[in-house]
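Working notes, beginning with the structure itself.
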Amino acid sequence: MAYRLDGVNGRGPAPYDRFAAWGRWPARLALAVLALLLAASAWVPLTVGRGEQAKAPSLVIAHNKAAERPRDEDLKLYDRAISRILHGENYYDFIVSEHRRADYPVRPGAAVRLPTLAYLDAAMGVDGDRPAPVAMAVALALMVGVIAAWWGRLGDLGVDPSLRRIGTALVFFGASLGLNRYYFVLHELWAGMLVALSLGLHRPERGKWVGAVLAAALALSIREHVLPYVLLMGAMAGWRGAWREAAAWGALVALFAVGYAWHLHLIALQTLPTDQVGPSWLAMRGLGGFLSNTVLSSNLRFLPHQIAGPLTILMIFGWASWRSSAGLTGLLLFSGYALLFAIAGRNDNFYWGAVITPVMALGLAFVPMGLGALVRGAFKK
């Protein structure tokens with residue numbers, strides 16, 4: 001019998017259906033919580049800066065309109081950094097002065113980005129929003145790599161062929177954002193694609209993790225916001241008793257700590273008491289903060305927030321429904337970042353969501369299975 005999206009076929013529930021054996025009251029409670037979250041996510045507005053979603057910029061810009069849009073000030077800052085590197089200057093010789101020129105804070109030092117992407121963009125010929133064939137080729141190769149990695153991982157985890165195709169299509173839906181050349185200078189765009197690649201390359205069932213660690217290392221060298229992902233992967237490796245893998249993730253954290261401390265030291269050497277201090281990132285925006293970050297940093301941006309918000313909640317529910325190593329990792333990863341974005345990040349930091357959005361949509365593939373299992377569990381005798 002052909003596979004059905006609710007996970008039921010001639011052999012019974014899919015082996016990767018987490019909720020298949022849930023009893024009546026746990027299933028009813030789960031459905032009630034899900035209903036409340038869906039209702040809240042449809043009601044909470046999405047905000048960026050001082051405006052709501054209808055007036056907000058996002059990471060989704062049609063290429064034929066990108067050239068007409070004035071360059072954002074923070075992107076201009078990164079453009080100038082790349083230009084000065086191309087002219088032979090050292091990043092740390094000018095980046096603080098560029099922040100002052102743009103009236104951007106340099107205190108705390110975390111307000112100044114790591115130099116990795118500026119050098120990579122310079123090597124790829126990125127020049128503002130002008131066509132950059134090398135960078136586009138790299139972005140395309142990265143997107144294809146993410147899709148191929150997840151096609152392989154879904155197969156390794158025994159996902160039904162029909163659901164595997166749907167899941168891979170949803171990965172394409174999320175990862176296609178990486179081709180937006182307007183934001184090639186944005187750190188979160190590349191870091192998020194590399195996190196998606198790392199997750200797809202991770203094969204704990206086969207003891208294959210080197211590729212995942214390397215992809216995560218590059219992502220972390222671009223944006224420190226990848227650190228929670230690295231810590232999660234290391235903790236889960238330790239929980240499984242995969243000590244060599246756990247040591248590799250731990251070594252990556254240690255190397256990053258040393259490198260980031262040196263970065264902060266170099267910034268501090270040039271900081272003056274009169275330099276601007278940035279506002280606190282502890283904005284406590286709650287559910288709206290998480291939804292704003294993820295929706296406005298993904299292709300869900302095209303949808304009304306009454307639809308995009310619930311779809312975001314369903315994505316995480318889908319990861320929760322998938323009983324597998326990948327499903328558990330995705331559940332912890334996305335719910336963890338949801339909590340972080342609810343606590344930290346101002347409205348104008350919405351683009352932080354790009355760190356996790358490239359592969360979030362895959363969870364939607366497992367929603368019918370999870371909902372079907374909970375409904376059957378809630379009403380079984």
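Chains: A, B, ... in order of the structure tokens. Residues: from 1 per chain. Ligands: from 1, in order shown.
Excluding Met360 of chain A and any residue on its chain fewer than 3 positions from it, the residues at most 9 Å away by only C-alpha atoms are Leu170, Val171, Gly174, Ala196, Thr312, Met315, Ile316, Trp319, Gly330, Phe334, Ile356, Thr357, Gly363 and Leu364 of chain A.
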Please produce a file of the residues just selected, as a compact mmCIF listing (two decimals), in the first residue's frame, where the atoms kept are all heavy atoms.
```
# COMPACT_ATOMS: atom_id res chain seq x y z
N LEU A 170 11.01 20.73 0.76
CA LEU A 170 10.91 21.74 1.81
C LEU A 170 12.28 22.28 2.20
O LEU A 170 12.42 23.47 2.54
CB LEU A 170 10.20 21.15 3.03
CG LEU A 170 8.69 20.92 2.85
CD1 LEU A 170 8.13 20.07 3.97
CD2 LEU A 170 7.95 22.26 2.77
N VAL A 171 13.31 21.44 2.16
CA VAL A 171 14.67 21.92 2.38
C VAL A 171 15.04 22.93 1.30
O VAL A 171 15.65 23.98 1.58
CB VAL A 171 15.67 20.76 2.42
CG1 VAL A 171 17.10 21.28 2.46
CG2 VAL A 171 15.41 19.88 3.64
N GLY A 174 13.54 26.31 1.99
CA GLY A 174 14.26 27.11 2.99
C GLY A 174 15.63 27.54 2.53
O GLY A 174 16.03 28.69 2.73
N ALA A 196 22.79 24.33 8.32
CA ALA A 196 21.92 23.37 7.64
C ALA A 196 22.74 22.25 7.00
O ALA A 196 22.34 21.08 7.04
CB ALA A 196 21.09 24.09 6.57
N THR A 312 5.29 28.42 11.34
CA THR A 312 6.55 28.31 12.08
C THR A 312 6.40 27.38 13.27
O THR A 312 7.27 26.54 13.54
CB THR A 312 7.01 29.70 12.56
OG1 THR A 312 7.13 30.57 11.43
CG2 THR A 312 8.35 29.62 13.26
N MET A 315 6.30 23.85 12.07
CA MET A 315 7.62 23.34 11.71
C MET A 315 8.27 22.64 12.90
O MET A 315 8.78 21.52 12.80
CB MET A 315 8.52 24.48 11.22
CG MET A 315 8.16 25.04 9.87
SD MET A 315 9.24 26.43 9.43
CE MET A 315 8.52 26.94 7.87
N ILE A 316 8.26 23.32 14.06
CA ILE A 316 8.87 22.72 15.24
C ILE A 316 8.08 21.50 15.69
O ILE A 316 8.67 20.49 16.11
CB ILE A 316 8.96 23.77 16.37
CG1 ILE A 316 9.85 24.94 15.93
CG2 ILE A 316 9.52 23.14 17.64
CD1 ILE A 316 10.01 26.02 16.99
N TRP A 319 9.22 18.54 13.66
CA TRP A 319 10.48 17.97 14.14
C TRP A 319 10.24 17.13 15.40
O TRP A 319 10.86 16.08 15.58
CB TRP A 319 11.49 19.08 14.44
CG TRP A 319 12.08 19.71 13.21
CD1 TRP A 319 11.64 20.81 12.56
CD2 TRP A 319 13.22 19.24 12.47
NE1 TRP A 319 12.44 21.08 11.46
CE2 TRP A 319 13.41 20.13 11.38
CE3 TRP A 319 14.10 18.18 12.62
CZ2 TRP A 319 14.44 19.98 10.46
CZ3 TRP A 319 15.14 18.02 11.70
CH2 TRP A 319 15.29 18.92 10.63
N GLY A 330 16.70 18.46 15.83
CA GLY A 330 15.96 19.60 15.32
C GLY A 330 15.03 20.20 16.35
O GLY A 330 14.93 21.42 16.49
N PHE A 334 15.74 24.06 17.39
CA PHE A 334 14.83 25.14 17.02
C PHE A 334 14.05 25.66 18.22
O PHE A 334 13.79 26.87 18.31
CB PHE A 334 13.90 24.67 15.90
CG PHE A 334 14.64 24.26 14.67
CD1 PHE A 334 14.44 23.01 14.10
CD2 PHE A 334 15.55 25.11 14.08
CE1 PHE A 334 15.14 22.62 12.97
CE2 PHE A 334 16.26 24.74 12.94
CZ PHE A 334 16.06 23.48 12.38
N ILE A 356 18.99 29.78 11.59
CA ILE A 356 18.28 28.49 11.70
C ILE A 356 17.24 28.24 10.62
O ILE A 356 16.79 27.11 10.45
CB ILE A 356 17.59 28.36 13.08
CG1 ILE A 356 16.59 29.50 13.30
CG2 ILE A 356 18.63 28.32 14.19
CD1 ILE A 356 15.72 29.32 14.53
N THR A 357 16.84 29.26 9.86
CA THR A 357 15.71 29.07 8.95
C THR A 357 15.96 28.19 7.73
O THR A 357 14.99 27.63 7.19
CB THR A 357 15.17 30.44 8.47
OG1 THR A 357 16.24 31.23 7.93
CG2 THR A 357 14.52 31.18 9.62
N GLY A 363 10.47 20.30 8.89
CA GLY A 363 9.55 19.78 9.89
C GLY A 363 8.13 19.67 9.40
O GLY A 363 7.35 18.82 9.87
N LEU A 364 7.73 20.52 8.43
CA LEU A 364 6.37 20.47 7.92
C LEU A 364 6.04 19.13 7.29
O LEU A 364 4.87 18.73 7.25
CB LEU A 364 6.15 21.60 6.90
CG LEU A 364 6.15 23.02 7.46
CD1 LEU A 364 6.04 24.02 6.32
CD2 LEU A 364 5.02 23.22 8.45
```
### Message
When DSSP is applied to the backbone of this structure, which of segment 37-212 of chain A are assigned strand (DSSP E or B)? Write them out as a PyMOL selection string.
### Response
chain A and resi 47-48+51-52+107+203+208
### Message
If we count only C-alpha atoms and set the cut-off at 6 Å, which residues sit around Val195 of chain A, ignoring sequence neighbours fewer than 3 positions away in its own chain? Please answer as a PyMOL selection string.
### Response
chain A and resi 192+198+216
Emit the selected residues as a short mmCIF file (atom, residue, chain, number, x, y, z; two decimals), in the first residue's frame, including N, CA, C and O atoms.
```
data_model
loop_
_atom_site.label_atom_id
_atom_site.label_comp_id
_atom_site.auth_asym_id
_atom_site.auth_seq_id
_atom_site.Cartn_x
_atom_site.Cartn_y
_atom_site.Cartn_z
N GLY A 192 23.88 30.36 8.53
CA GLY A 192 22.71 29.50 8.56
C GLY A 192 22.76 28.40 7.54
O GLY A 192 22.35 27.25 7.82
N SER A 198 25.74 21.26 8.01
CA SER A 198 26.30 20.47 9.11
C SER A 198 25.28 19.46 9.63
O SER A 198 25.60 18.28 9.83
N ALA A 216 30.30 23.22 10.66
CA ALA A 216 29.95 24.05 11.82
C ALA A 216 31.10 24.97 12.20
O ALA A 216 30.88 26.11 12.64
#
```
### Within 12 Å of Pro304 of chain A using only C-alpha atoms, minus same-chain residues under 5 positions, as a PyMOL selection string
chain A and resi 41-46+52-54+295-296+299+309-311
Could the residues in this selection be saved with N, CA, C and O atoms as a short mmCIF file (atom, residue, chain, number, x, y, z; two decimals), in the first residue's frame?
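And here's selection_29.cif as it stands now:
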```
data_model
loop_
_atom_site.label_atom_id
_atom_site.label_comp_id
_atom_site.auth_asym_id
_atom_site.auth_seq_id
_atom_site.Cartn_x
_atom_site.Cartn_y
_atom_site.Cartn_z
N SER A 41 0.38 32.40 17.87
CA SER A 41 1.28 32.77 16.78
C SER A 41 0.55 33.49 15.65
O SER A 41 1.16 34.27 14.91
N ALA A 42 -0.75 33.24 15.50
CA ALA A 42 -1.53 33.95 14.49
C ALA A 42 -1.89 35.36 14.96
O ALA A 42 -2.11 36.26 14.14
N TRP A 43 -1.95 35.55 16.27
CA TRP A 43 -2.35 36.83 16.85
C TRP A 43 -1.17 37.79 17.05
O TRP A 43 -1.30 39.00 16.86
N VAL A 44 -0.01 37.26 17.41
CA VAL A 44 1.15 38.10 17.70
C VAL A 44 1.66 38.75 16.42
O VAL A 44 1.93 38.06 15.43
N PRO A 45 1.82 40.07 16.38
CA PRO A 45 2.34 40.73 15.18
C PRO A 45 3.85 40.51 15.04
O PRO A 45 4.55 40.25 16.02
N LEU A 46 4.32 40.62 13.82
CA LEU A 46 5.75 40.51 13.53
C LEU A 46 6.32 41.92 13.40
O LEU A 46 5.78 42.74 12.67
N GLU A 52 5.69 47.18 11.82
CA GLU A 52 5.21 45.81 11.81
C GLU A 52 5.55 45.16 10.49
O GLU A 52 6.15 45.77 9.60
N GLN A 53 5.11 43.94 10.34
CA GLN A 53 5.54 43.14 9.19
C GLN A 53 5.22 43.80 7.86
O GLN A 53 6.02 43.77 6.94
N ALA A 54 4.07 44.43 7.77
CA ALA A 54 3.66 45.00 6.48
C ALA A 54 4.62 46.09 6.02
O ALA A 54 4.73 46.36 4.83
N VAL A 295 10.31 34.33 10.62
CA VAL A 295 9.48 34.61 9.44
C VAL A 295 10.14 35.62 8.53
O VAL A 295 10.21 35.44 7.31
N LEU A 296 10.65 36.71 9.11
CA LEU A 296 11.24 37.76 8.29
C LEU A 296 12.59 37.37 7.71
O LEU A 296 13.12 38.05 6.83
N ASN A 299 11.51 32.48 3.56
CA ASN A 299 10.55 32.68 2.48
C ASN A 299 9.11 32.73 2.98
O ASN A 299 8.19 32.99 2.20
N GLY A 309 3.04 32.74 11.02
CA GLY A 309 3.30 32.42 12.42
C GLY A 309 2.94 30.98 12.77
O GLY A 309 3.78 30.22 13.28
N PRO A 310 1.70 30.55 12.50
CA PRO A 310 1.34 29.16 12.77
C PRO A 310 2.19 28.15 12.01
O PRO A 310 2.51 27.08 12.53
N LEU A 311 2.58 28.48 10.78
CA LEU A 311 3.44 27.56 10.03
C LEU A 311 4.78 27.37 10.73
O LEU A 311 5.34 26.27 10.74
#
```
### Message
For Leu287 of chain A, find every residue with an atom within 9 Å (counting only C-alpha atoms), except residues of its own chain fewer than 5 positions away, and show them as a list in words.
### Response
Ala40, Ser41, Val44, Ser292, Ala338, Leu339, Phe341 and Ala342 of chain A
### Two-atom distance - atom CA of Gly353 of chain A, atom CA of Pro115 of chain A (Å)
20.5 Å
### Message
Considering only C-alpha atoms, can you say which of A:Arg223, A:Arg24, A:Leu218, A:Gln276 comes closest to Arg101 of chain A?
### Response
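Answer, going by the shortest atom-to-atom distance: A:Gln276.
Note that atom CA of Ile222 of chain A and atom CA of Ala257 of chain A are 13.5 Å apart.
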### Query
Leaving out Leu332 of chain A and any residue of its chain fewer than 5 positions from it, which residues lie within 9 Å of it when counting only C-alpha atoms, given as an MDAnalysis selection string?
chainID A and resid 232 320 327 337
Could you save the residues just selected, with N, CA and C atoms, as a PDB file, in the first residue's frame?
```pdb
ATOM      1  N   LEU A 232      25.082  22.287  21.607  1.00  0.00           N
ATOM      2  CA  LEU A 232      24.053  21.237  21.579  1.00  0.00           C
ATOM      3  C   LEU A 232      24.590  19.957  20.970  1.00  0.00           C
ATOM      4  N   ALA A 320       9.342  17.595  16.258  1.00  0.00           N
ATOM      5  CA  ALA A 320       9.017  16.830  17.467  1.00  0.00           C
ATOM      6  C   ALA A 320       8.343  15.509  17.117  1.00  0.00           C
ATOM      7  N   GLY A 327      15.359  14.189  14.235  1.00  0.00           N
ATOM      8  CA  GLY A 327      14.170  14.822  14.765  1.00  0.00           C
ATOM      9  C   GLY A 327      14.398  15.396  16.146  1.00  0.00           C
ATOM     10  N   TYR A 337      16.634  27.861  20.116  1.00  0.00           N
ATOM     11  CA  TYR A 337      16.793  29.185  19.516  1.00  0.00           C
ATOM     12  C   TYR A 337      15.517  30.003  19.672  1.00  0.00           C
TER      13      TYR A 337
END
```
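Our summary of the geometry notes that atom CA of Leu340 of chain A is positioned 26.5 Å from atom CA of Gly211 of chain A.
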